[in-house]
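Novice: Enclosed is the structure file entry.pdb (PDB, N, CA and C atoms).
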```pdb
ATOM      1  N   ALA T   1       0.838  -1.188   0.000
ATOM      2  CA  ALA T   1       0.000   0.000   0.000
ATOM      3  C   ALA T   1       0.879   1.247   0.000
ATOM      4  N   ALA T   2       0.365   2.314  -0.572
ATOM      5  CA  ALA T   2       1.141   3.551  -0.710
ATOM      6  C   ALA T   2       1.506   4.159   0.635
ATOM      7  N   TRP T   3       0.647   4.021   1.620
ATOM      8  CA  TRP T   3       0.945   4.668   2.902
ATOM      9  C   TRP T   3       2.081   3.976   3.643
ATOM     10  N   ASN T   4       2.469   2.775   3.233
ATOM     11  CA  ASN T   4       3.612   2.099   3.846
ATOM     12  C   ASN T   4       4.922   2.817   3.545
ATOM     13  N   GLN T   5       4.928   3.724   2.569
ATOM     14  CA  GLN T   5       6.131   4.489   2.277
ATOM     15  C   GLN T   5       6.438   5.473   3.404
ATOM     16  N   VAL T   6       5.423   5.960   4.089
ATOM     17  CA  VAL T   6       5.624   6.902   5.192
ATOM     18  C   VAL T   6       5.293   6.296   6.546
ATOM     19  N   PHE T   7       4.644   5.156   6.554
ATOM     20  CA  PHE T   7       4.214   4.502   7.785
ATOM     21  C   PHE T   7       4.617   3.029   7.698
ATOM     22  N   PRO T   8       5.868   2.702   8.072
ATOM     23  CA  PRO T   8       6.356   1.328   7.918
ATOM     24  C   PRO T   8       5.439   0.327   8.609
ATOM     25  N   ARG T   9       5.176  -0.737   7.938
ATOM     26  CA  ARG T   9       4.324  -1.813   8.449
ATOM     27  C   ARG T   9       2.906  -1.327   8.765
ATOM     28  N   GLY T  10       2.469  -0.287   8.092
ATOM     29  CA  GLY T  10       1.136   0.251   8.328
ATOM     30  C   GLY T  10       0.048  -0.686   7.842
ATOM     31  N   TYR T  11       0.241  -1.270   6.699
ATOM     32  CA  TYR T  11      -0.741  -2.201   6.158
ATOM     33  C   TYR T  11      -0.017  -3.466   5.736
ATOM     34  N   ALA T  12      -0.542  -4.602   6.165
ATOM     35  CA  ALA T  12       0.024  -5.888   5.768
ATOM     36  C   ALA T  12      -1.100  -6.732   5.178
ATOM     37  N   HIS T  13      -0.956  -7.107   3.936
ATOM     38  CA  HIS T  13      -1.977  -7.893   3.256
ATOM     39  C   HIS T  13      -2.236  -9.201   4.012
ATOM     40  N   GLY T  14      -3.482  -9.451   4.342
ATOM     41  CA  GLY T  14      -3.860 -10.694   5.011
ATOM     42  C   GLY T  14      -3.785 -10.658   6.523
ATOM     43  N   ASP T  15      -3.263  -9.591   7.090
ATOM     44  CA  ASP T  15      -3.134  -9.482   8.547
ATOM     45  C   ASP T  15      -4.275  -8.619   9.090
ATOM     46  N   VAL T  16      -5.451  -9.223   9.225
ATOM     47  CA  VAL T  16      -6.643  -8.476   9.636
ATOM     48  C   VAL T  16      -6.459  -7.887  11.034
ATOM     49  N   PHE T  17      -5.981  -8.677  11.979
ATOM     50  CA  PHE T  17      -5.805  -8.197  13.354
ATOM     51  C   PHE T  17      -4.820  -7.033  13.411
ATOM     52  N   GLY T  18      -3.684  -7.184  12.764
ATOM     53  CA  GLY T  18      -2.677  -6.128  12.750
ATOM     54  C   GLY T  18      -3.188  -4.861  12.079
ATOM     55  N   ASN T  19      -3.934  -5.024  10.988
ATOM     56  CA  ASN T  19      -4.492  -3.860  10.298
ATOM     57  C   ASN T  19      -5.542  -3.161  11.154
ATOM     58  N   LEU T  20      -6.337  -3.923  11.923
ATOM     59  CA  LEU T  20      -7.300  -3.310  12.845
ATOM     60  C   LEU T  20      -6.574  -2.547  13.957
ATOM     61  N   LEU T  21      -5.474  -3.087  14.433
ATOM     62  CA  LEU T  21      -4.682  -2.380  15.437
ATOM     63  C   LEU T  21      -4.189  -1.043  14.893
ATOM     64  N   VAL T  22      -3.675  -1.064  13.684
ATOM     65  CA  VAL T  22      -3.168   0.165  13.072
ATOM     66  C   VAL T  22      -4.307   1.161  12.863
ATOM     67  N   ALA T  23      -5.437   0.687  12.341
ATOM     68  CA  ALA T  23      -6.571   1.574  12.081
ATOM     69  C   ALA T  23      -7.094   2.197  13.370
ATOM     70  N   SER T  24      -7.216   1.390  14.433
ATOM     71  CA  SER T  24      -7.703   1.943  15.698
ATOM     72  C   SER T  24      -6.683   2.918  16.287
ATOM     73  N   HIS T  25      -5.408   2.615  16.135
ATOM     74  CA  HIS T  25      -4.352   3.495  16.631
ATOM     75  C   HIS T  25      -4.435   4.865  15.941
ATOM     76  N   VAL T  26      -4.605   4.849  14.626
ATOM     77  CA  VAL T  26      -4.696   6.097  13.869
ATOM     78  C   VAL T  26      -5.995   6.834  14.201
ATOM     79  N   ALA T  27      -7.114   6.114  14.284
ATOM     80  CA  ALA T  27      -8.406   6.755  14.562
ATOM     81  C   ALA T  27      -8.409   7.412  15.943
ATOM     82  N   PHE T  28      -7.899   6.716  16.951
ATOM     83  CA  PHE T  28      -7.865   7.308  18.280
ATOM     84  C   PHE T  28      -6.857   8.452  18.365
ATOM     85  N   THR T  29      -5.823   8.414  17.538
ATOM     86  CA  THR T  29      -4.875   9.529  17.501
ATOM     87  C   THR T  29      -5.560  10.784  16.974
ATOM     88  N   VAL T  30      -6.363  10.642  15.938
ATOM     89  CA  VAL T  30      -7.111  11.786  15.403
ATOM     90  C   VAL T  30      -8.060  12.323  16.469
ATOM     91  N   LEU T  31      -8.768  11.431  17.163
ATOM     92  CA  LEU T  31      -9.669  11.841  18.240
ATOM     93  C   LEU T  31      -8.901  12.588  19.329
ATOM     94  N   LEU T  32      -7.739  12.083  19.678
ATOM     95  CA  LEU T  32      -6.930  12.702  20.728
ATOM     96  C   LEU T  32      -6.445  14.095  20.319
ATOM     97  N   VAL T  33      -6.024  14.236  19.089
ATOM     98  CA  VAL T  33      -5.562  15.542  18.612
ATOM     99  C   VAL T  33      -6.709  16.550  18.627
ATOM    100  N   LEU T  34      -7.887  16.129  18.165
ATOM    101  CA  LEU T  34      -9.042  17.033  18.162
ATOM    102  C   LEU T  34      -9.474  17.378  19.584
ATOM    103  N   ALA T  35      -9.526  16.381  20.460
ATOM    104  CA  ALA T  35      -9.917  16.638  21.850
ATOM    105  C   ALA T  35      -8.914  17.564  22.527
ATOM    106  N   GLY T  36      -7.649  17.378  22.253
ATOM    107  CA  GLY T  36      -6.625  18.245  22.836
ATOM    108  C   GLY T  36      -6.759  19.676  22.360
ATOM    109  N   ALA T  37      -7.079  19.855  21.083
ATOM    110  CA  ALA T  37      -7.253  21.203  20.547
ATOM    111  C   ALA T  37      -8.455  21.895  21.195
ATOM    112  N   VAL T  38      -9.551  21.171  21.373
ATOM    113  CA  VAL T  38     -10.740  21.751  22.011
ATOM    114  C   VAL T  38     -10.454  22.057  23.480
ATOM    115  N   GLN T  39      -9.683  21.210  24.129
ATOM    116  CA  GLN T  39      -9.330  21.435  25.538
ATOM    117  C   GLN T  39      -8.611  22.759  25.740
ATOM    118  N   LEU T  40      -7.834  23.168  24.765
ATOM    119  CA  LEU T  40      -7.036  24.377  24.894
ATOM    120  C   LEU T  40      -7.798  25.657  24.558
ATOM    121  N   MET T  41      -9.034  25.535  24.103
ATOM    122  CA  MET T  41      -9.829  26.708  23.759
ATOM    123  C   MET T  41     -10.344  27.368  25.035
ATOM    124  N   PRO T  42      -9.997  28.639  25.277
ATOM    125  CA  PRO T  42     -10.453  29.319  26.496
ATOM    126  C   PRO T  42     -11.973  29.353  26.637
ATOM    127  N   ALA T  43     -12.680  29.457  25.529
ATOM    128  CA  ALA T  43     -14.142  29.514  25.595
ATOM    129  C   ALA T  43     -14.725  28.237  26.188
ATOM    130  N   VAL T  44     -14.149  27.110  25.855
ATOM    131  CA  VAL T  44     -14.639  25.837  26.398
ATOM    132  C   VAL T  44     -14.357  25.770  27.891
ATOM    133  N   ARG T  45     -13.155  26.142  28.287
ATOM    134  CA  ARG T  45     -12.805  26.095  29.718
ATOM    135  C   ARG T  45     -13.653  27.056  30.540
ATOM    136  N   ASN T  46     -13.876  28.262  30.024
ATOM    137  CA  ASN T  46     -14.555  29.296  30.800
ATOM    138  C   ASN T  46     -16.075  29.185  30.776
ATOM    139  N   ARG T  47     -16.645  28.885  29.630
ATOM    140  CA  ARG T  47     -18.107  28.881  29.498
ATOM    141  C   ARG T  47     -18.745  27.543  29.824
ATOM    142  N   THR T  48     -18.045  26.460  29.535
ATOM    143  CA  THR T  48     -18.626  25.130  29.766
ATOM    144  C   THR T  48     -17.610  24.230  30.467
ATOM    145  N   PRO T  49     -17.387  24.465  31.759
ATOM    146  CA  PRO T  49     -16.404  23.635  32.460
ATOM    147  C   PRO T  49     -16.781  22.154  32.486
ATOM    148  N   TRP T  50     -18.072  21.856  32.464
ATOM    149  CA  TRP T  50     -18.495  20.452  32.439
ATOM    150  C   TRP T  50     -18.035  19.781  31.147
ATOM    151  N   LEU T  51     -18.120  20.504  30.016
ATOM    152  CA  LEU T  51     -17.655  19.960  28.740
ATOM    153  C   LEU T  51     -16.137  19.795  28.753
ATOM    154  N   HIS T  52     -15.453  20.750  29.355
ATOM    155  CA  HIS T  52     -13.996  20.683  29.486
ATOM    156  C   HIS T  52     -13.593  19.416  30.249
ATOM    157  N   ARG T  53     -14.325  19.092  31.316
ATOM    158  CA  ARG T  53     -14.021  17.880  32.093
ATOM    159  C   ARG T  53     -14.301  16.615  31.287
ATOM    160  N   ILE T  54     -15.412  16.603  30.554
ATOM    161  CA  ILE T  54     -15.742  15.426  29.735
ATOM    162  C   ILE T  54     -14.685  15.210  28.657
ATOM    163  N   ILE T  55     -14.310  16.298  27.988
ATOM    164  CA  ILE T  55     -13.298  16.187  26.937
ATOM    165  C   ILE T  55     -11.967  15.741  27.540
ATOM    166  N   GLY T  56     -11.657  16.213  28.746
ATOM    167  CA  GLY T  56     -10.437  15.776  29.418
ATOM    168  C   GLY T  56     -10.443  14.281  29.692
ATOM    169  N   ARG T  57     -11.592  13.770  30.094
ATOM    170  CA  ARG T  57     -11.703  12.319  30.336
ATOM    171  C   ARG T  57     -11.563  11.531  29.038
ATOM    172  N   VAL T  58     -12.166  12.060  27.968
ATOM    173  CA  VAL T  58     -12.017  11.423  26.655
ATOM    174  C   VAL T  58     -10.548  11.446  26.238
ATOM    175  N   PHE T  59      -9.878  12.553  26.503
ATOM    176  CA  PHE T  59      -8.463  12.694  26.156
ATOM    177  C   PHE T  59      -7.613  11.640  26.879
ATOM    178  N   VAL T  60      -7.813  11.508  28.185
ATOM    179  CA  VAL T  60      -7.025  10.545  28.957
ATOM    180  C   VAL T  60      -7.353   9.118  28.533
ATOM    181  N   SER T  61      -8.639   8.827  28.332
ATOM    182  CA  SER T  61      -9.034   7.481  27.888
ATOM    183  C   SER T  61      -8.467   7.182  26.507
ATOM    184  N   GLY T  62      -8.532   8.164  25.617
ATOM    185  CA  GLY T  62      -7.981   7.978  24.279
ATOM    186  C   GLY T  62      -6.484   7.741  24.298
ATOM    187  N   ALA T  63      -5.785   8.453  25.181
ATOM    188  CA  ALA T  63      -4.340   8.254  25.305
ATOM    189  C   ALA T  63      -4.029   6.828  25.760
ATOM    190  N   ALA T  64      -4.841   6.299  26.670
ATOM    191  CA  ALA T  64      -4.631   4.925  27.137
ATOM    192  C   ALA T  64      -4.879   3.932  26.000
ATOM    193  N   VAL T  65      -5.922   4.153  25.222
ATOM    194  CA  VAL T  65      -6.221   3.261  24.099
ATOM    195  C   VAL T  65      -5.108   3.324  23.059
ATOM    196  N   ILE T  66      -4.620   4.537  22.782
ATOM    197  CA  ILE T  66      -3.527   4.690  21.817
ATOM    198  C   ILE T  66      -2.272   3.971  22.299
ATOM    199  N   ALA T  67      -1.973   4.114  23.580
ATOM    200  CA  ALA T  67      -0.781   3.450  24.131
ATOM    201  C   ALA T  67      -0.916   1.932  24.043
ATOM    202  N   LEU T  68      -2.080   1.419  24.393
ATOM    203  CA  LEU T  68      -2.287  -0.029  24.311
ATOM    204  C   LEU T  68      -2.261  -0.512  22.863
ATOM    205  N   GLY T  69      -2.831   0.281  21.968
ATOM    206  CA  GLY T  69      -2.781  -0.073  20.551
ATOM    207  C   GLY T  69      -1.362  -0.085  20.021
ATOM    208  N   GLY T  70      -0.565   0.900  20.440
ATOM    209  CA  GLY T  70       0.836   0.933  20.031
ATOM    210  C   GLY T  70       1.614  -0.255  20.571
ATOM    211  N   LEU T  71       1.339  -0.597  21.821
ATOM    212  CA  LEU T  71       1.987  -1.777  22.411
ATOM    213  C   LEU T  71       1.564  -3.043  21.673
ATOM    214  N   GLY T  72       0.275  -3.126  21.341
ATOM    215  CA  GLY T  72      -0.214  -4.279  20.584
ATOM    216  C   GLY T  72       0.431  -4.383  19.220
ATOM    217  N   MET T  73       0.590  -3.241  18.563
ATOM    218  CA  MET T  73       1.257  -3.260  17.257
ATOM    219  C   MET T  73       2.706  -3.703  17.394
ATOM    220  N   MET T  74       3.365  -3.214  18.434
ATOM    221  CA  MET T  74       4.768  -3.584  18.642
ATOM    222  C   MET T  74       4.890  -5.088  18.885
ATOM    223  N   LEU T  75       4.007  -5.628  19.718
ATOM    224  CA  LEU T  75       4.076  -7.056  20.026
ATOM    225  C   LEU T  75       3.667  -7.913  18.833
ATOM    226  N   HIS T  76       2.710  -7.435  18.051
ATOM    227  CA  HIS T  76       2.195  -8.222  16.925
ATOM    228  C   HIS T  76       3.095  -8.144  15.693
ATOM    229  N   ARG T  77       3.608  -6.941  15.407
ATOM    230  CA  ARG T  77       4.385  -6.755  14.175
ATOM    231  C   ARG T  77       5.853  -6.460  14.404
ATOM    232  N   GLY T  78       6.237  -6.242  15.626
ATOM    233  CA  GLY T  78       7.623  -5.906  15.908
ATOM    234  C   GLY T  78       7.810  -4.407  15.998
ATOM    235  N   ALA T  79       8.836  -4.003  16.708
ATOM    236  CA  ALA T  79       9.105  -2.581  16.920
ATOM    237  C   ALA T  79       9.739  -1.971  15.685
ATOM    238  N   VAL T  80       9.456  -0.701  15.481
ATOM    239  CA  VAL T  80      10.032   0.062  14.378
ATOM    240  C   VAL T  80      10.890   1.153  14.998
ATOM    241  N   GLY T  81      12.037   1.428  14.444
ATOM    242  CA  GLY T  81      12.866   2.520  14.927
ATOM    243  C   GLY T  81      14.242   2.049  15.342
ATOM    244  N   ASP T  82      14.968   2.975  15.964
ATOM    245  CA  ASP T  82      16.331   2.665  16.380
ATOM    246  C   ASP T  82      16.354   2.147  17.823
ATOM    247  N   SER T  83      17.543   1.933  18.360
ATOM    248  CA  SER T  83      17.677   1.328  19.694
ATOM    249  C   SER T  83      17.076   2.214  20.797
ATOM    250  N   ALA T  84      17.137   3.523  20.642
ATOM    251  CA  ALA T  84      16.551   4.410  21.662
ATOM    252  C   ALA T  84      15.040   4.213  21.729
ATOM    253  N   GLN T  85      14.383   4.059  20.596
ATOM    254  CA  GLN T  85      12.945   3.814  20.575
ATOM    255  C   GLN T  85      12.615   2.436  21.134
ATOM    256  N   HIS T  86      13.429   1.456  20.859
ATOM    257  CA  HIS T  86      13.197   0.115  21.400
ATOM    258  C   HIS T  86      13.340   0.131  22.915
ATOM    259  N   PHE T  87      14.306   0.875  23.431
ATOM    260  CA  PHE T  87      14.490   0.976  24.869
ATOM    261  C   PHE T  87      13.292   1.649  25.525
ATOM    262  N   ALA T  88      12.736   2.669  24.872
ATOM    263  CA  ALA T  88      11.594   3.399  25.419
ATOM    264  C   ALA T  88      10.355   2.509  25.479
ATOM    265  N   LEU T  89      10.243   1.569  24.572
ATOM    266  CA  LEU T  89       9.085   0.687  24.570
ATOM    267  C   LEU T  89       9.204  -0.304  25.683
TER
END
```
Please go through the file and, once you have read it, give me the structure as structure tokens.
Specialist:
Amino acid sequence: AAWNQVFPRGYAHGDVFGNLLVASHVAFTVLLVLAGAVQLMPAVRNRTPWLHRIIGRVFVSGAAVIALGGLGMMLHRGAVGDSAQHFAL
């Protein structure tokens, strides 16, 4: 697949489980980026603190899902990167 040029081992033909891990990892990353951007908006913090708290919980939960998805990808497909990245995992 073309995206494997920028995302090593992003798609593997026939590896349904691994591809679902990658897809969920990317989808939750998009959710996390959007939630983080909304969290930083002063209007959300000042006018709707309840929404700010909900988005914060979504942010933390999403970060946990992303971390577990990344760990799952590492265990299922192997780690990508140099020795410093392998040590961090």
Novice: From the set T:Gly69, T:Ala35, T:Gly10, T:Ala23, which residue has the shortest atom-to-atom contact distance to T:Ile55, counting all atoms listed in the file?
Specialist: T:Ala35
Novice: To one decimal place, how far is atom C of T:Ala43 from atom CA of T:Gly56 in Å?
Specialist: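 These atoms are spaced 13.6 Å apart.
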Novice: My list of candidates is T:Ala84, T:Val22, T:Ala37, T:Leu71. Which is closest to T:Arg9 when distances are computed with all atoms listed in the file?
Specialist: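 For T:Arg9, the nearest of the candidates is T:Val22.
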Novice: On this file, the PyMOL selection byres (((chain T and resi 67 and name CA) around 12) and name CA) gives some set of residues; write that set as JSON, numbers by chain.
Specialist: {"T": [21, 22, 24, 25, 26, 28, 29, 32, 60, 61, 62, 63, 64, 65, 66, 68, 69, 70, 71, 72, 73, 74, 89]}
Novice: Taking only C-alpha atoms into account, which of T:Leu31, T:Leu40, T:Leu75, T:Val58 comes nearest T:Phe17?
Specialist: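 Answer, going by the shortest atom-to-atom distance: T:Leu75.
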Novice: Give me, please, the distance in Å between atom N of T:Phe59 and atom N of T:Gly36, quoted to one decimal.
Specialist: 6.8 Å
Novice: Quick check, in Å to one decimal: how far apart do atom CA of T:Ala27 and atom CA of T:His13 lie?
Specialist: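 These atoms are spaced 19.6 Å apart.
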Novice: Per DSSP on the backbone, filter chain T down to the residues in alpha helix (DSSP H) and report them as a VMD selection string.
Specialist: chain T and resid 16 to 39 42 to 47 49 to 77 83 to 88
Novice: Just checking: using all atoms listed in the file, which residue out of T:Ala12, T:Arg57, T:Phe7, T:Gly18 ends up closest to T:His76?
Specialist: T:Gly18
